[in-house]
Every structure is written in C-alpha cells, then in structure tokens.
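Engineer: Input my_file.pdb, format and content: PDB, C-alpha atoms.
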MODEL        1
ATOM      1  CA  MET A   1     101.303 101.327 135.794
ATOM      2  CA  LYS A   2     101.250 105.085 136.227
ATOM      3  CA  LEU A   3     102.211 107.264 133.272
ATOM      4  CA  VAL A   4     105.104 108.767 135.199
ATOM      5  CA  GLN A   5     106.489 105.256 135.749
ATOM      6  CA  ILE A   6     106.147 104.451 132.066
ATOM      7  CA  ALA A   7     107.986 107.635 131.210
ATOM      8  CA  GLY A   8     110.721 106.749 133.679
ATOM      9  CA  LEU A   9     111.161 103.297 132.204
ATOM     10  CA  ALA A  10     111.263 104.678 128.678
ATOM     11  CA  ALA A  11     113.963 107.091 129.713
ATOM     12  CA  THR A  12     115.902 104.242 131.252
ATOM     13  CA  ALA A  13     115.644 102.280 128.007
ATOM     14  CA  VAL A  14     117.467 105.141 126.351
ATOM     15  CA  LEU A  15     120.034 105.059 129.137
ATOM     16  CA  LEU A  16     120.632 101.334 128.675
ATOM     17  CA  ALA A  17     121.095 101.776 124.957
ATOM     18  CA  ALA A  18     123.501 104.625 125.588
ATOM     19  CA  CYS A  19     125.544 102.526 128.020
ATOM     20  CA  GLY A  20     126.900 100.534 125.097
ATOM     21  CA  SER A  21     127.221 103.283 122.555
ATOM     22  CA  GLY A  22     130.567 104.676 123.626
ATOM     23  CA  GLN A  23     132.314 101.471 124.672
ATOM     24  CA  VAL A  24     135.362  99.984 123.003
ATOM     25  CA  GLY A  25     134.446  97.029 120.790
ATOM     26  CA  GLY A  26     131.692  98.580 118.760
ATOM     27  CA  SER A  27     131.991  98.539 114.996
ATOM     28  CA  GLY A  28     135.668  98.729 114.156
ATOM     29  CA  GLY A  29     137.061  97.610 117.533
ATOM     30  CA  THR A  30     140.545  96.037 117.367
ATOM     31  CA  PRO A  31     141.235  92.494 118.647
ATOM     32  CA  ALA A  32     143.184  93.922 121.586
ATOM     33  CA  GLU A  33     140.317  96.205 122.508
ATOM     34  CA  ASN A  34     137.787  93.412 122.105
ATOM     35  CA  SER A  35     139.729  91.208 124.514
ATOM     36  CA  LYS A  36     138.657  93.622 127.245
ATOM     37  CA  ARG A  37     135.075  94.019 126.045
ATOM     38  CA  LEU A  38     132.092  92.313 127.652
ATOM     39  CA  THR A  39     128.536  92.397 126.337
ATOM     40  CA  LEU A  40     125.393  91.986 128.425
ATOM     41  CA  ILE A  41     122.153  90.939 126.718
ATOM     42  CA  PRO A  42     119.396  90.920 129.347
ATOM     43  CA  GLY A  43     115.868  89.601 128.880
ATOM     44  CA  VAL A  44     114.198  92.895 128.025
ATOM     45  CA  GLN A  45     114.743  96.658 127.999
ATOM     46  CA  ALA A  46     113.714  98.983 130.780
ATOM     47  CA  GLU A  47     112.819  96.444 133.494
ATOM     48  CA  PRO A  48     114.254  97.542 136.854
ATOM     49  CA  PHE A  49     115.478  93.994 137.540
ATOM     50  CA  TYR A  50     117.693  94.041 134.464
ATOM     51  CA  ILE A  51     118.665  97.673 135.014
ATOM     52  CA  SER A  52     119.868  96.739 138.514
ATOM     53  CA  MET A  53     121.734  93.779 137.030
ATOM     54  CA  HIS A  54     123.344  96.093 134.473
ATOM     55  CA  CYS A  55     124.403  98.512 137.208
ATOM     56  CA  GLY A  56     126.088  95.743 139.206
ATOM     57  CA  ALA A  57     127.787  94.355 136.109
ATOM     58  CA  GLN A  58     128.942  97.761 134.874
ATOM     59  CA  ALA A  59     130.495  98.691 138.210
ATOM     60  CA  GLU A  60     132.335  95.372 138.467
ATOM     61  CA  ALA A  61     133.591  95.523 134.875
ATOM     62  CA  GLN A  62     135.011  98.985 135.454
ATOM     63  CA  LYS A  63     136.627  97.819 138.681
ATOM     64  CA  LEU A  64     138.333  94.907 136.888
ATOM     65  CA  GLY A  65     139.515  96.971 133.924
ATOM     66  CA  TYR A  66     136.955  95.814 131.347
ATOM     67  CA  THR A  67     134.324  97.641 129.344
ATOM     68  CA  LEU A  68     130.699  96.531 129.226
ATOM     69  CA  ASP A  69     128.117  97.304 126.594
ATOM     70  CA  THR A  70     124.462  96.343 126.890
ATOM     71  CA  SER A  71     121.995  95.454 124.144
ATOM     72  CA  ALA A  72     118.467  94.565 125.250
ATOM     73  CA  PRO A  73     115.438  93.412 123.229
ATOM     74  CA  GLN A  74     112.319  95.546 123.445
ATOM     75  CA  LYS A  75     110.240  92.572 124.613
ATOM     76  CA  PHE A  76     110.978  89.364 126.483
ATOM     77  CA  ASP A  77     110.971  87.353 123.276
ATOM     78  CA  ALA A  78     113.355  84.728 121.896
ATOM     79  CA  ALA A  79     113.188  86.015 118.317
ATOM     80  CA  LEU A  80     114.009  89.573 119.371
ATOM     81  CA  GLN A  81     116.813  88.421 121.636
ATOM     82  CA  THR A  82     118.194  86.226 118.862
ATOM     83  CA  GLU A  83     118.547  89.346 116.712
ATOM     84  CA  LYS A  84     120.676  90.936 119.439
ATOM     85  CA  VAL A  85     122.864  87.838 119.712
ATOM     86  CA  ASN A  86     123.249  87.490 115.947
ATOM     87  CA  ALA A  87     124.311  91.141 115.722
ATOM     88  CA  LEU A  88     127.470  90.233 117.659
ATOM     89  CA  GLY A  89     128.683  88.031 114.816
ATOM     90  CA  SER A  90     130.646  90.666 112.922
ATOM     91  CA  ASN A  91     132.453  91.944 115.998
ATOM     92  CA  PRO A  92     132.117  89.549 118.941
ATOM     93  CA  PRO A  93     133.089  90.550 122.478
ATOM     94  CA  ALA A  94     135.481  88.572 124.610
ATOM     95  CA  ALA A  95     132.596  87.357 126.773
ATOM     96  CA  LEU A  96     128.816  87.428 126.574
ATOM     97  CA  LEU A  97     126.642  87.706 129.655
ATOM     98  CA  ILE A  98     123.114  86.717 128.674
ATOM     99  CA  ALA A  99     119.734  86.009 130.258
ATOM    100  CA  PRO A 100     118.247  83.518 127.742
ATOM    101  CA  THR A 101     114.576  84.287 127.139
ATOM    102  CA  ASP A 102     113.883  80.668 126.207
ATOM    103  CA  ASP A 103     115.806  77.718 127.607
ATOM    104  CA  THR A 104     115.717  75.857 124.271
ATOM    105  CA  ALA A 105     115.152  78.365 121.463
ATOM    106  CA  MET A 106     118.172  80.456 122.470
ATOM    107  CA  LEU A 107     120.565  77.505 122.307
ATOM    108  CA  ALA A 108     121.498  77.747 118.620
ATOM    109  CA  PRO A 109     122.282  81.494 118.496
ATOM    110  CA  ILE A 110     124.293  81.348 121.710
ATOM    111  CA  GLN A 111     126.187  78.296 120.458
ATOM    112  CA  GLN A 112     127.016  80.225 117.278
ATOM    113  CA  VAL A 113     128.600  83.025 119.315
ATOM    114  CA  ALA A 114     130.428  80.552 121.548
ATOM    115  CA  SER A 115     131.879  78.835 118.467
ATOM    116  CA  ARG A 116     133.809  82.035 117.778
ATOM    117  CA  GLY A 117     135.672  81.725 121.078
ATOM    118  CA  VAL A 118     133.372  83.975 123.107
ATOM    119  CA  LYS A 119     133.023  82.984 126.767
ATOM    120  CA  ILE A 120     129.359  82.566 127.761
ATOM    121  CA  VAL A 121     127.984  83.388 131.206
ATOM    122  CA  GLU A 122     124.273  82.977 131.932
ATOM    123  CA  VAL A 123     122.742  85.551 134.254
ATOM    124  CA  ASP A 124     119.284  85.106 135.783
ATOM    125  CA  THR A 125     117.989  82.545 133.263
ATOM    126  CA  SER A 126     119.748  79.585 131.683
ATOM    127  CA  LEU A 127     119.634  77.079 128.842
ATOM    128  CA  LYS A 128     118.578  73.478 129.331
ATOM    129  CA  ASP A 129     121.819  72.495 127.616
ATOM    130  CA  THR A 130     124.478  72.966 130.297
ATOM    131  CA  SER A 131     127.441  72.494 127.943
ATOM    132  CA  VAL A 132     127.504  76.000 126.453
ATOM    133  CA  ALA A 133     128.081  78.385 129.357
ATOM    134  CA  GLN A 134     131.154  78.594 131.536
ATOM    135  CA  SER A 135     129.028  79.769 134.471
ATOM    136  CA  SER A 136     125.409  80.406 135.434
ATOM    137  CA  ILE A 137     124.379  82.860 138.125
ATOM    138  CA  SER A 138     120.790  82.938 139.287
ATOM    139  CA  SER A 139     118.542  83.065 142.285
ATOM    140  CA  ASP A 140     117.374  79.674 143.559
ATOM    141  CA  ASN A 141     114.056  80.097 141.854
ATOM    142  CA  THR A 142     112.510  76.902 143.176
ATOM    143  CA  ALA A 143     113.347  78.062 146.684
ATOM    144  CA  GLY A 144     111.921  81.475 145.803
ATOM    145  CA  GLY A 145     108.605  79.881 144.896
ATOM    146  CA  GLN A 146     108.664  77.910 148.117
ATOM    147  CA  LEU A 147     109.349  81.087 150.081
ATOM    148  CA  ALA A 148     106.408  82.747 148.329
ATOM    149  CA  ALA A 149     104.096  79.874 149.333
ATOM    150  CA  ASP A 150     105.233  80.066 152.947
ATOM    151  CA  THR A 151     104.747  83.824 152.930
ATOM    152  CA  LEU A 152     101.271  83.575 151.414
ATOM    153  CA  ALA A 153     100.274  80.928 153.957
ATOM    154  CA  GLN A 154     101.375  83.235 156.785
ATOM    155  CA  LEU A 155      99.411  86.112 155.283
ATOM    156  CA  ALA A 156      96.298  83.928 154.934
ATOM    157  CA  GLY A 157      96.476  83.201 158.639
ATOM    158  CA  GLY A 158      94.622  79.893 158.453
ATOM    159  CA  GLN A 159      91.916  81.129 156.102
ATOM    160  CA  SER A 160      90.798  78.465 153.638
ATOM    161  CA  GLY A 161      90.492  79.060 149.927
ATOM    162  CA  SER A 162      91.961  78.878 146.446
ATOM    163  CA  VAL A 163      95.208  80.312 145.108
ATOM    164  CA  LEU A 164      96.039  81.374 141.541
ATOM    165  CA  VAL A 165      99.572  81.161 140.137
ATOM    166  CA  LEU A 166     100.450  83.548 137.301
ATOM    167  CA  ASP A 167     103.555  82.580 135.313
ATOM    168  CA  THR A 168     105.096  84.314 132.309
ATOM    169  CA  ILE A 169     105.976  82.159 129.287
ATOM    170  CA  ALA A 170     106.440  78.403 129.081
ATOM    171  CA  GLY A 171     110.152  77.732 128.605
ATOM    172  CA  THR A 172     111.355  80.587 130.838
ATOM    173  CA  SER A 173     113.580  78.682 133.253
ATOM    174  CA  THR A 174     113.413  81.091 136.183
ATOM    175  CA  THR A 175     109.701  81.807 136.427
ATOM    176  CA  ASN A 176     108.740  78.219 135.605
ATOM    177  CA  ALA A 177     110.873  77.067 138.548
ATOM    178  CA  ARG A 178     109.236  79.636 140.830
ATOM    179  CA  ALA A 179     105.771  78.441 139.879
ATOM    180  CA  ALA A 180     106.729  74.794 140.362
ATOM    181  CA  GLY A 181     108.337  75.487 143.735
ATOM    182  CA  PHE A 182     105.277  77.409 144.863
ATOM    183  CA  GLU A 183     102.877  74.647 143.786
ATOM    184  CA  GLU A 184     104.873  71.977 145.597
ATOM    185  CA  GLN A 185     105.253  73.972 148.814
ATOM    186  CA  LEU A 186     101.578  74.962 148.870
ATOM    187  CA  LYS A 187     100.684  71.289 149.342
ATOM    188  CA  LYS A 188     101.990  71.619 152.900
ATOM    189  CA  TYR A 189      99.064  73.914 153.730
ATOM    190  CA  PRO A 190      95.778  71.954 153.651
ATOM    191  CA  ASN A 191      93.717  75.133 153.975
ATOM    192  CA  LEU A 192      95.004  76.398 150.636
ATOM    193  CA  LYS A 193      94.548  74.769 147.234
ATOM    194  CA  SER A 194      95.984  75.839 143.895
ATOM    195  CA  VAL A 195      93.685  76.386 140.936
ATOM    196  CA  GLY A 196      96.684  75.888 138.665
ATOM    197  CA  ILE A 197      99.314  77.834 136.767
ATOM    198  CA  GLN A 198      98.244  80.255 134.056
ATOM    199  CA  PHE A 199     100.637  81.859 131.577
ATOM    200  CA  THR A 200     100.479  85.580 130.764
ATOM    201  CA  GLN A 201     103.108  85.831 127.976
ATOM    202  CA  ASN A 202     104.815  88.340 130.294
ATOM    203  CA  GLU A 203     102.132  90.925 129.445
ATOM    204  CA  PRO A 204     100.543  92.886 132.330
ATOM    205  CA  ASP A 205      97.213  93.208 130.526
ATOM    206  CA  GLN A 206      96.981  89.442 130.132
ATOM    207  CA  ALA A 207      97.747  89.000 133.831
ATOM    208  CA  ALA A 208      94.982  91.473 134.698
ATOM    209  CA  SER A 209      92.542  89.553 132.500
ATOM    210  CA  LYS A 210      93.497  86.246 134.137
ATOM    211  CA  VAL A 211      92.801  87.738 137.551
ATOM    212  CA  THR A 212      89.447  89.143 136.442
ATOM    213  CA  ALA A 213      88.436  85.716 135.111
ATOM    214  CA  ALA A 214      89.638  83.923 138.246
ATOM    215  CA  LEU A 215      87.687  86.247 140.529
ATOM    216  CA  ALA A 216      84.541  85.461 138.552
ATOM    217  CA  SER A 217      85.067  81.690 138.423
ATOM    218  CA  THR A 218      86.587  81.130 141.865
ATOM    219  CA  PRO A 219      84.573  82.843 144.613
ATOM    220  CA  ASP A 220      86.894  81.527 147.344
ATOM    221  CA  LEU A 221      90.059  83.002 145.799
ATOM    222  CA  VAL A 222      92.194  84.116 148.731
ATOM    223  CA  GLY A 223      95.632  84.490 147.178
ATOM    224  CA  ILE A 224      97.654  85.102 144.029
ATOM    225  CA  PHE A 225     101.311  84.401 143.383
ATOM    226  CA  ALA A 226     102.786  86.382 140.480
ATOM    227  CA  THR A 227     106.137  85.046 139.299
ATOM    228  CA  ASN A 228     107.670  88.306 138.068
ATOM    229  CA  LEU A 229     107.309  92.061 137.765
ATOM    230  CA  ASN A 230     104.917  92.185 134.799
ATOM    231  CA  THR A 231     102.584  89.485 136.103
ATOM    232  CA  GLY A 232     102.544  91.181 139.504
ATOM    233  CA  GLU A 233     101.703  94.583 138.080
ATOM    234  CA  GLY A 234      98.953  93.032 135.959
ATOM    235  CA  ALA A 235      97.567  91.121 138.929
ATOM    236  CA  ALA A 236      97.481  94.303 141.007
ATOM    237  CA  THR A 237      95.584  96.039 138.212
ATOM    238  CA  GLY A 238      93.060  93.186 138.045
ATOM    239  CA  LEU A 239      92.448  93.305 141.788
ATOM    240  CA  ARG A 240      92.186  97.086 141.748
ATOM    241  CA  ASN A 241      89.662  97.034 138.913
ATOM    242  CA  ALA A 242      87.548  94.492 140.794
ATOM    243  CA  GLY A 243      87.706  96.340 144.102
ATOM    244  CA  LYS A 244      89.499  93.364 145.710
ATOM    245  CA  VAL A 245      92.743  95.011 146.793
ATOM    246  CA  GLY A 246      93.656  93.684 150.231
ATOM    247  CA  GLN A 247      90.862  91.107 150.162
ATOM    248  CA  VAL A 248      92.930  88.736 148.011
ATOM    249  CA  GLN A 249      96.523  88.358 149.203
ATOM    250  CA  LEU A 250      98.970  89.201 146.409
ATOM    251  CA  VAL A 251     102.549  87.957 146.654
ATOM    252  CA  GLY A 252     104.777  89.243 143.867
ATOM    253  CA  PHE A 253     108.275  88.333 142.769
ATOM    254  CA  ASP A 254     110.886  91.084 142.401
ATOM    255  CA  ALA A 255     110.986  94.546 143.919
ATOM    256  CA  SER A 256     110.642  97.112 141.135
ATOM    257  CA  PRO A 257     109.801 100.727 142.045
ATOM    258  CA  SER A 258     106.150 100.195 141.086
ATOM    259  CA  GLU A 259     105.950  96.970 143.107
ATOM    260  CA  VAL A 260     107.537  98.648 146.122
ATOM    261  CA  GLU A 261     105.020 101.470 145.827
ATOM    262  CA  GLY A 262     102.265  98.852 145.577
ATOM    263  CA  LEU A 263     103.532  97.119 148.700
ATOM    264  CA  ARG A 264     103.578 100.400 150.580
ATOM    265  CA  ASN A 265     100.011 101.310 149.568
ATOM    266  CA  GLY A 266      98.582  97.832 150.157
ATOM    267  CA  GLU A 267      98.162  96.526 146.593
ATOM    268  CA  TYR A 268     100.739  93.816 147.352
ATOM    269  CA  GLN A 269     100.995  92.063 150.677
ATOM    270  CA  ALA A 270     104.515  90.710 150.075
ATOM    271  CA  LEU A 271     107.364  90.690 147.560
ATOM    272  CA  ILE A 272     110.053  88.069 147.064
ATOM    273  CA  ALA A 273     113.064  90.176 146.145
ATOM    274  CA  GLN A 274     116.134  88.962 144.306
ATOM    275  CA  ASP A 275     119.553  90.627 144.233
ATOM    276  CA  PRO A 276     120.056  91.400 140.519
ATOM    277  CA  ALA A 277     123.006  93.713 141.146
ATOM    278  CA  MET A 278     124.848  90.797 142.761
ATOM    279  CA  ILE A 279     123.943  88.562 139.806
ATOM    280  CA  GLY A 280     125.445  91.117 137.423
ATOM    281  CA  GLN A 281     128.528  91.563 139.586
ATOM    282  CA  GLN A 282     129.149  87.835 139.865
ATOM    283  CA  GLY A 283     128.471  87.384 136.152
ATOM    284  CA  VAL A 284     131.298  89.770 135.319
ATOM    285  CA  GLN A 285     133.587  88.126 137.869
ATOM    286  CA  GLN A 286     133.033  84.701 136.322
ATOM    287  CA  ALA A 287     133.438  86.009 132.766
ATOM    288  CA  VAL A 288     136.728  87.679 133.642
ATOM    289  CA  ALA A 289     137.946  84.562 135.449
ATOM    290  CA  ALA A 290     137.187  82.495 132.339
ATOM    291  CA  LEU A 291     139.007  84.995 130.113
ATOM    292  CA  GLU A 292     142.051  85.142 132.370
ATOM    293  CA  GLY A 293     142.351  81.380 132.837
ATOM    294  CA  LYS A 294     141.366  81.471 136.499
ATOM    295  CA  PRO A 295     139.012  79.014 138.265
ATOM    296  CA  VAL A 296     135.358  79.455 137.311
ATOM    297  CA  THR A 297     132.383  78.377 139.397
ATOM    298  CA  ARG A 298     129.835  76.617 137.193
ATOM    299  CA  ASN A 299     126.736  77.520 139.250
ATOM    300  CA  LEU A 300     126.256  80.378 141.688
ATOM    301  CA  THR A 301     123.139  81.257 143.645
ATOM    302  CA  ALA A 302     122.116  84.766 144.709
ATOM    303  CA  PRO A 303     120.039  85.313 147.867
ATOM    304  CA  LEU A 304     116.290  85.950 148.116
ATOM    305  CA  HIS A 305     114.336  88.057 150.599
ATOM    306  CA  SER A 306     110.680  88.018 151.696
ATOM    307  CA  ILE A 307     109.586  91.637 152.105
ATOM    308  CA  THR A 308     106.309  92.774 153.663
ATOM    309  CA  LYS A 309     105.021  96.217 154.533
ATOM    310  CA  ALA A 310     106.183  95.661 158.110
ATOM    311  CA  ASN A 311     109.830  95.044 157.199
ATOM    312  CA  MET A 312     110.206  96.922 153.912
ATOM    313  CA  ASP A 313     112.115  99.908 155.261
ATOM    314  CA  ALA A 314     114.707  97.606 156.825
ATOM    315  CA  ASN A 315     115.165  95.857 153.464
ATOM    316  CA  SER A 316     115.286  98.869 151.159
ATOM    317  CA  GLN A 317     118.742  97.864 149.863
ATOM    318  CA  TYR A 318     116.996  95.144 147.866
ATOM    319  CA  PHE A 319     114.691  97.515 145.975
ATOM    320  CA  TYR A 320     115.449  97.563 142.249
ATOM    321  CA  LYS A 321     116.783 100.611 140.400
ATOM    322  CA  GLN A 322     115.599 102.569 137.396
ATOM    323  CA  SER A 323     119.042 103.997 136.689
ATOM    324  CA  CYS A 324     122.630 103.452 137.829
TER     325      CYS A 324
ENDMDL
END
Since I need it in another form, could you write the structure as structure tokens?
Structural biologist:
Amino acid sequence: MKLVQIAGLAATAVLLAACGSGQVGGSGGTPAENSKRLTLIPGVQAEPFYISMHCGAQAEAQKLGYTLDTSAPQKFDAALQTEKVNALGSNPPAALLIAPTDDTAMLAPIQQVASRGVKIVEVDTSLKDTSVAQSSISSDNTAGGQLAADTLAQLAGGQSGSVLVLDTIAGTSTTNARAAGFEEQLKKYPNLKSVGIQFTQNEPDQAASKVTAALASTPDLVGIFATNLNTGEGAATGLRNAGKVGQVQLVGFDASPSEVEGLRNGEYQALIAQDPAMIGQQGVQQAVAALEGKPVTRNLTAPLHSITKANMDANSQYFYKQSC
C-alpha cells in the first residue's frame, strides 16, 4: 500500500472516531436521548468497506431522526472488539449495529449488551447463534465466492493450472463463506484445481508471504482468490515482488480505493464488490423498526457485482469510500 493511502486511511480513522464524539448518548446521556441513539461497531477502523457502511448508516439515521456514533477496534480482532462492546455497559444505546469479528467469541459480550434491552442488528458478519440479533444484513457471501470462481474461470480462458485461496481468520463468517463458495464452484471447471485455503490473519504481509511461498511450490499457479481487502492487497504485493503481475490472475473481494487503483493498473484482474453503504442503510432501518415496534426482517441480502477493467467505469458507484 502506498504511503499516501496509509496516510489517507489514518486520517479517516480520526474521522470515524470523531463521528461519535459529538453525538447524544455519550457519557451522561439521558434515557430520552439514548432512546434515539444508535451505535455502530464495525470490524476494524479505517477500512473503506466499513467507512462506506458508516456513511450509509449515518445518512439513514439522520434521515429517520436518530443519532449514530461509531466505535471501531484498531484491528479485526475479537478481544479488541469486545472492549468496544463492553464499553457500552455504563451507557448503552437504544440499538447496536455490529459486525462480529468472530462468530462464536463475540456471542457473550453481545448477549450482555442485549440483556440490557439493547436491540442488536448484525451488519456484514454474524454470530452462529441466531437468537441474539433482531436482524442480520449481509452480502450473500457464498454466492460471492461462486461469482469469484466463475470470474476467475473466464479470465483463465481455458488455461489449466492451480488456484490459491487466501482467507482471513478462521471463524469470520463472511470470508469463510466466500472461500467455501469459491472452492465448491471451482469444481465445475476441470482445468482449474484448488491448492487449498490458507489463512492470513487479515494481515497483508502474511498474504504476501503466502503468495511468495505458493509461487515457489506451485509452478502452475494460474490464479488467486483473495477473500477481502487486506488479503487482496497482500496478494498483489506478493505478485508484484515476484514479477508475476498479470501472469497470475488475481480476483479480489471488495472495491477499496487501493484495489480499484490496482484493477486499473493491472495488478488485479477482477474485483467482487459489495454494497456496504446499503448494508449500513438497511441496518439502521431494521434497528429503527425494532425500536418502534414495526415489522423487522430477520435476514437481508445486499447485492454483489463482478467488476473488471473493461466494465469498471460503468460500475464506479460501487467503489468504496475513504470519507463520507
């Protein structure tokens, strides 16, 4: 990642923190004020996916007469996210929108908040236990993985070879589903065979190392599927360092500014873009419906889009933001 991008993301982290600092419902908020206060706890600070989600949620909350504050962990980590959830205990919001960073480890802290009467809406990721949240809004991640496999097969154009799948962390519901969907769909293409799923702990440098190792051990590597932004950026770095950009087809998931730039300059051959702003918007809608005693939809699915260099300009509305 270029230094200017890092600087931009750092600045956005400050922006996200500031989004919650002036909202009603901080320390000392009254019960009446808190009844109109929503809190969003995304998976991690400064990722364009979650920034775009925040923007969609913030706009919808304002439209519906609610305030929204955002508190994001510095890393995609259950322990760090648990700290953010636990911090709500002294002054809970009316509803919590959360992207659980682990589908099991985050159950207890979220249950603790829910026990205080807080409505829970899952955005992007979800818990295995379906009894806690009023609603879950996510992309169809299995279908996203399948779309990635179809896209990679088209890019390969009949070429035979091996394919590497880079996932984030075991227990992350969204990316695990993408990897599984990809693996299953790839079986439909006899010219392509998977060398398995490797986890990167959501760290770009680990993804780059996995790619370097795979290039050395798998001479017929023709494709890589990276299940999220960080794995994609790391994979692009690994290919760039090895001089294999464009020789190995890289399909990424998400459409961050750096990924879009990579698609335009040929480091990626395709991106599977989500619609995080819609996820945030629908998350607020479902939270407000739950608070106001209106019908709530238990599961909602946001659309996905396969974007290549050829069609990227026509699909620019799906590129993720770095600020609202």
Engineer: Find the residues around A:Gln285 up to 12 Å (all atoms listed in the file counted), leave out those fewer than 2 positions away in its own chain, and share them as number ranges by chain.
Structural biologist: A: 38, 56-66, 95, 97, 121, 123, 134-137, 278-283, 287-292, 294-297, 300
Engineer: Considering all atoms listed in the file, state which residue in the set A:Leu239, A:Ile224, A:Val44, A:Ala177 is at the smallest distance from A:Val163.
Structural biologist: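 Of the candidates, the smallest distance to A:Val163 is held by A:Ile224.
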Engineer: Could you tell me which residues the PyMOL selection byres ((chain A and resi 189) around 12) grabs in this file, written as a PDB file with C-alpha atoms, in the coordinates of the input?
Structural biologist:
ATOM      1  CA  GLN A 146     108.664  77.910 148.117  1.00  0.00           C
ATOM      2  CA  ALA A 149     104.096  79.874 149.333  1.00  0.00           C
ATOM      3  CA  ASP A 150     105.233  80.066 152.947  1.00  0.00           C
ATOM      4  CA  THR A 151     104.747  83.824 152.930  1.00  0.00           C
ATOM      5  CA  LEU A 152     101.271  83.575 151.414  1.00  0.00           C
ATOM      6  CA  ALA A 153     100.274  80.928 153.957  1.00  0.00           C
ATOM      7  CA  GLN A 154     101.375  83.235 156.785  1.00  0.00           C
ATOM      8  CA  ALA A 156      96.298  83.928 154.934  1.00  0.00           C
ATOM      9  CA  GLY A 157      96.476  83.201 158.639  1.00  0.00           C
ATOM     10  CA  GLY A 158      94.622  79.893 158.453  1.00  0.00           C
ATOM     11  CA  GLN A 159      91.916  81.129 156.102  1.00  0.00           C
ATOM     12  CA  SER A 160      90.798  78.465 153.638  1.00  0.00           C
ATOM     13  CA  GLY A 161      90.492  79.060 149.927  1.00  0.00           C
ATOM     14  CA  SER A 162      91.961  78.878 146.446  1.00  0.00           C
ATOM     15  CA  VAL A 163      95.208  80.312 145.108  1.00  0.00           C
ATOM     16  CA  PHE A 182     105.277  77.409 144.863  1.00  0.00           C
ATOM     17  CA  GLU A 183     102.877  74.647 143.786  1.00  0.00           C
ATOM     18  CA  GLU A 184     104.873  71.977 145.597  1.00  0.00           C
ATOM     19  CA  GLN A 185     105.253  73.972 148.814  1.00  0.00           C
ATOM     20  CA  LEU A 186     101.578  74.962 148.870  1.00  0.00           C
ATOM     21  CA  LYS A 187     100.684  71.289 149.342  1.00  0.00           C
ATOM     22  CA  LYS A 188     101.990  71.619 152.900  1.00  0.00           C
ATOM     23  CA  PRO A 190      95.778  71.954 153.651  1.00  0.00           C
ATOM     24  CA  ASN A 191      93.717  75.133 153.975  1.00  0.00           C
ATOM     25  CA  LEU A 192      95.004  76.398 150.636  1.00  0.00           C
ATOM     26  CA  LYS A 193      94.548  74.769 147.234  1.00  0.00           C
ATOM     27  CA  SER A 194      95.984  75.839 143.895  1.00  0.00           C
TER      28      SER A 194
END
Engineer: For the provided coordinates, the residues matched by the PyMOL selection byres ((chain A and resi 107-117) around 8) should be stated as a ChimeraX atom specification.
Structural biologist: /A:82,85-86,88-89,92,94,103-106,118-120,127,129,132
Engineer: Applied to this file, what does the PyMOL selection byres ((chain A and resi 139) around 6) return in terms of residues, put as number ranges by chain?
Structural biologist: A: 138, 140-141, 301-302
Engineer: In Å, with one decimal, what is the gap from atom CA of A:Asn241 to atom CA of A:Leu147?
Structural biologist: 27.7 Å
Engineer: So how far away is atom CA of A:Lys36 from atom CA of A:Gln81, in Å?
Structural biologist: 23.1 Å
Engineer: Pick out the closest residue to A:Thr67 from this set: A:Ala277, A:Ala207, A:Cys324, A:Val284. Count all atoms listed in the file.
Structural biologist: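 Closest to A:Thr67, using all atoms listed in the file: A:Val284.
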Engineer: Using atom CA of A:Ser316 and atom CA of A:Ile169 as the two end points, give the distance in Å to one decimal.
Structural biologist: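 About the pair atom CA of A:Ser316 and atom CA of A:Ile169: they are 29.1 Å apart.
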Engineer: Which one of A:Leu271, A:Thr39, A:Ala213, A:Asp124 sits closest to A:Met53 if you count all atoms listed in the file?
Structural biologist: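 Nearest to A:Met53: A:Asp124.
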